[in-house]
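**Student:** Okay, here's the structure, questions in a sec.
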Amino acid sequence: MPASSAPEPNSQYLDRLLRRGSFAALWPLFARATRPAKELTESYSALQHLRPFLPASGPCRVLHVGDGAHARTAALFALKTKAENISIDPVLNVPLLEQWSREFGIRGLSWHKARVAEVAAQLNALPEMPVLVTFVHAHLPVDEVLGQLRWDVAFTLACCVPGHQLSRRHPALRSGEDLSVLSGGRQYQVLVNSERAGSWLTAAALLPAPAPA
Ligand SMILES: C[S@@+](CC[C@H](N)C(=O)[O-])C[C@H]1O[C@@H](n2cnc3c(N)ncnc32)[C@H](O)[C@@H]1O
């Protein structure tokens, strides 16, 4: 096969996001990035890969760990899903998030301006429901953090320290390179907590992988 026919990065996530009415609400948060297309596609990758695991009905919580100052992945999920989203990062810009939530009438978004270890007990004490976790280029040891949390399914996208950002402990239901992520760090895993797999998860896991975006 000639080298030129190898799959190449593509703009499908970006095109999809740009076509949606919700893009206007995303833009104030993503416009602050030096490389908005990179950030948009990284966050969208989390949504794309976790969507099959969001229960069709009933409550669900998504913890966005290492979400950056602007809580962009939590914001995207708050706009696009019915899940309860919690952004966790010690550098969160809380005044910006308060103002953004007010301006766009956002529901289903809250945050902890803290290191995840400082709030893990508090998160684990929240009412029982399916819990998903995102690590989008989070500078954290994923297995160590997952060991502190009550969770069912996690998505991790690795950048500079893949050895820490990819799990060696939990089975990956899906993994690989997401070519619709417009940055060099596009290796991902969808992890399952086999100790907690409920019936909703079993059904979702049996679905085919999402069509190439
Ligand atoms: C490269 S940034 C990624 C930010 C965001 N996910 C994005 O893609 O724009 C890594 C983030 O991990 C956060 N982080 C590092 N240690 C953390 C911890 N112990 N708990 C929560 N977040 C942490 C940093 O504050 C930083 O915002």
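By order in the structure tokens, chains are A, B, ...; within a chain, residues start at 1; ligands start at 1, following the order shown.
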Which residues form the shell of 8 Å around ligand 1 when you count only C-alpha atoms and all ligand atoms, given as a PyMOL selection string?

**Tutor:** chain A and resi 33+39+42-43+65-73+88-92+114-117+135-140+159

**Student:** Given only C-alpha atoms as the basis, pick out the residue of A:Asn93, A:Ser180, A:Thr34, A:Ser110 nearest to Ala74 (chain A).

**Tutor:**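 For Ala74 (chain A), the nearest of the given residues is A:Ser110.
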
**Student:** Can you list, as JSON, numbers by chain, all residues belonging to chain A that DSSP tags as helix (DSSP H, G or I)?

**Tutor:** {"A": [3, 4, 5, 12, 13, 14, 15, 16, 17, 18, 19, 23, 24, 25, 26, 27, 28, 29, 30, 36, 37, 38, 39, 40, 41, 42, 43, 44, 45, 46, 47, 48, 49, 50, 51, 52, 53, 72, 73, 74, 75, 76, 77, 78, 79, 80, 94, 95, 96, 97, 98, 99, 100, 101, 102, 103, 104, 116, 117, 118, 119, 120, 121, 122, 123, 124, 142, 143, 144, 145, 146, 162, 163, 164, 165, 199, 200, 201, 202, 203, 204, 205, 206]}

**Student:** Go ahead and dump the residues you just picked, C-alpha atoms, as a tab-separated table (two decimals), in the first residue's frame.

**Tutor:**
chain	number	residue	atom	x	y	z
A	3	ALA	CA	2.38	5.51	2.11
A	4	SER	CA	0.07	8.24	0.82
A	5	SER	CA	-3.01	6.01	1.29
A	12	GLN	CA	-14.96	15.65	10.73
A	13	TYR	CA	-15.44	16.55	14.44
A	14	LEU	CA	-14.69	20.18	13.71
A	15	ASP	CA	-17.08	20.30	10.74
A	16	ARG	CA	-19.80	18.65	12.82
A	17	LEU	CA	-19.37	21.11	15.68
A	18	LEU	CA	-19.30	24.13	13.38
A	19	ARG	CA	-22.60	23.11	11.76
A	23	PHE	CA	-21.47	26.25	18.54
A	24	ALA	CA	-22.35	29.84	19.44
A	25	ALA	CA	-22.44	28.88	23.12
A	26	LEU	CA	-19.18	26.91	22.91
A	27	TRP	CA	-17.26	29.64	21.19
A	28	PRO	CA	-16.73	31.99	24.19
A	29	LEU	CA	-14.87	29.18	25.99
A	30	PHE	CA	-12.95	27.75	23.06
A	36	PRO	CA	-9.34	26.24	19.29
A	37	ALA	CA	-9.64	23.52	16.62
A	38	LYS	CA	-7.31	21.30	18.65
A	39	GLU	CA	-9.24	21.87	21.86
A	40	LEU	CA	-12.67	21.46	20.24
A	41	THR	CA	-11.76	18.15	18.64
A	42	GLU	CA	-10.14	16.78	21.81
A	43	SER	CA	-13.27	17.50	23.85
A	44	TYR	CA	-15.53	16.21	21.10
A	45	SER	CA	-13.58	12.96	21.03
A	46	ALA	CA	-14.59	12.37	24.67
A	47	LEU	CA	-18.23	12.98	23.79
A	48	GLN	CA	-18.08	10.77	20.71
A	49	HIS	CA	-16.56	7.84	22.60
A	50	LEU	CA	-18.66	8.10	25.75
A	51	ARG	CA	-22.01	8.75	24.08
A	52	PRO	CA	-22.81	5.01	23.72
A	53	PHE	CA	-22.36	4.67	27.50
A	72	ARG	CA	-14.36	22.98	28.02
A	73	THR	CA	-15.15	19.27	28.00
A	74	ALA	CA	-17.68	19.63	30.82
A	75	ALA	CA	-19.20	22.59	28.97
A	76	LEU	CA	-19.52	20.58	25.76
A	77	PHE	CA	-21.21	17.69	27.60
A	78	ALA	CA	-23.53	20.13	29.41
A	79	LEU	CA	-24.68	21.50	26.05
A	80	LYS	CA	-24.98	18.18	24.26
A	94	VAL	CA	-14.81	30.16	38.26
A	95	PRO	CA	-16.01	33.73	37.51
A	96	LEU	CA	-15.87	32.95	33.78
A	97	LEU	CA	-17.84	29.71	34.23
A	98	GLU	CA	-20.46	31.41	36.39
A	99	GLN	CA	-20.93	34.14	33.82
A	100	TRP	CA	-20.99	31.67	30.88
A	101	SER	CA	-23.57	29.44	32.61
A	102	ARG	CA	-25.79	32.45	33.33
A	103	GLU	CA	-25.48	33.87	29.84
A	104	PHE	CA	-26.38	30.63	28.06
A	116	VAL	CA	-9.10	15.59	42.24
A	117	ALA	CA	-7.67	13.88	45.34
A	118	GLU	CA	-8.99	16.75	47.49
A	119	VAL	CA	-12.59	16.18	46.36
A	120	ALA	CA	-12.67	12.44	45.61
A	121	ALA	CA	-14.44	11.55	48.88
A	122	GLN	CA	-17.04	14.26	48.24
A	123	LEU	CA	-17.63	13.01	44.68
A	124	ASN	CA	-17.92	9.41	45.84
A	142	VAL	CA	-5.17	7.80	35.20
A	143	ASP	CA	-4.99	4.50	37.10
A	144	GLU	CA	-4.14	6.27	40.34
A	145	VAL	CA	-7.03	8.73	39.98
A	146	LEU	CA	-9.51	6.03	38.99
A	162	PRO	CA	1.02	8.46	27.68
A	163	GLY	CA	2.57	6.04	30.17
A	164	HIS	CA	0.52	7.73	32.93
A	165	GLN	CA	-2.38	8.92	30.84
A	199	SER	CA	-26.91	-3.95	32.85
A	200	TRP	CA	-27.00	-0.56	31.09
A	201	LEU	CA	-23.25	-0.84	30.61
A	202	THR	CA	-23.38	-4.40	29.34
A	203	ALA	CA	-25.91	-3.37	26.70
A	204	ALA	CA	-23.87	-0.33	25.65
A	205	ALA	CA	-20.65	-2.32	25.48
A	206	LEU	CA	-22.26	-4.74	23.05

**Student:** Select from region 1-165 of chain A everything DSSP, run on the backbone, classes as strand (DSSP E or B), then give the selection as a list in words.

**Tutor:**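 Residues meeting the strand (DSSP E or B) criterion: Arg61, Val62, Leu63, His64, Val65, Glu84, Asn85, Ile86, Ser87, Ile88, Leu109, Ser110, Trp111, His112, Val131, Leu132, Val133, Thr134, Phe135, Val136, Val153, Ala154, Phe155, Thr156, Leu157 and Ala158 of chain A.
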
**Student:** How about saving the chosen residues, C-alpha atoms kept, as a JSON list (two decimals), in the first residue's frame?

**Tutor:**
[["chain", "number", "residue", "atom", "x", "y", "z"],
["A", 61, "ARG", "CA", -22.93, 11.85, 36.19],
["A", 62, "VAL", "CA", -19.79, 12.72, 34.20],
["A", 63, "LEU", "CA", -16.65, 13.80, 36.05],
["A", 64, "HIS", "CA", -14.27, 15.84, 33.90],
["A", 65, "VAL", "CA", -10.89, 15.56, 35.57],
["A", 84, "GLU", "CA", -24.89, 15.99, 35.36],
["A", 85, "ASN", "CA", -21.37, 17.27, 34.65],
["A", 86, "ILE", "CA", -18.72, 18.14, 37.23],
["A", 87, "SER", "CA", -15.49, 19.78, 36.14],
["A", 88, "ILE", "CA", -12.48, 19.29, 38.43],
["A", 109, "LEU", "CA", -22.70, 21.89, 34.98],
["A", 110, "SER", "CA", -20.90, 22.38, 38.27],
["A", 111, "TRP", "CA", -17.27, 22.40, 39.28],
["A", 112, "HIS", "CA", -14.62, 21.96, 41.94],
["A", 131, "VAL", "CA", -20.56, 7.61, 36.68],
["A", 132, "LEU", "CA", -18.44, 8.36, 33.61],
["A", 133, "VAL", "CA", -15.05, 10.09, 33.76],
["A", 134, "THR", "CA", -13.14, 12.09, 31.15],
["A", 135, "PHE", "CA", -9.41, 12.75, 31.12],
["A", 136, "VAL", "CA", -8.78, 14.98, 28.10],
["A", 153, "VAL", "CA", -16.66, 4.00, 32.32],
["A", 154, "ALA", "CA", -13.77, 6.37, 31.61],
["A", 155, "PHE", "CA", -12.35, 8.03, 28.51],
["A", 156, "THR", "CA", -8.72, 9.07, 28.41],
["A", 157, "LEU", "CA", -6.90, 10.95, 25.66],
["A", 158, "ALA", "CA", -3.15, 10.99, 26.12]]

**Student:** CA of Pro59 (chain A) and CA of Trp151 (chain A) are how many Å apart?

**Tutor:**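 Computing it gives 14.0 Å between the two atoms.
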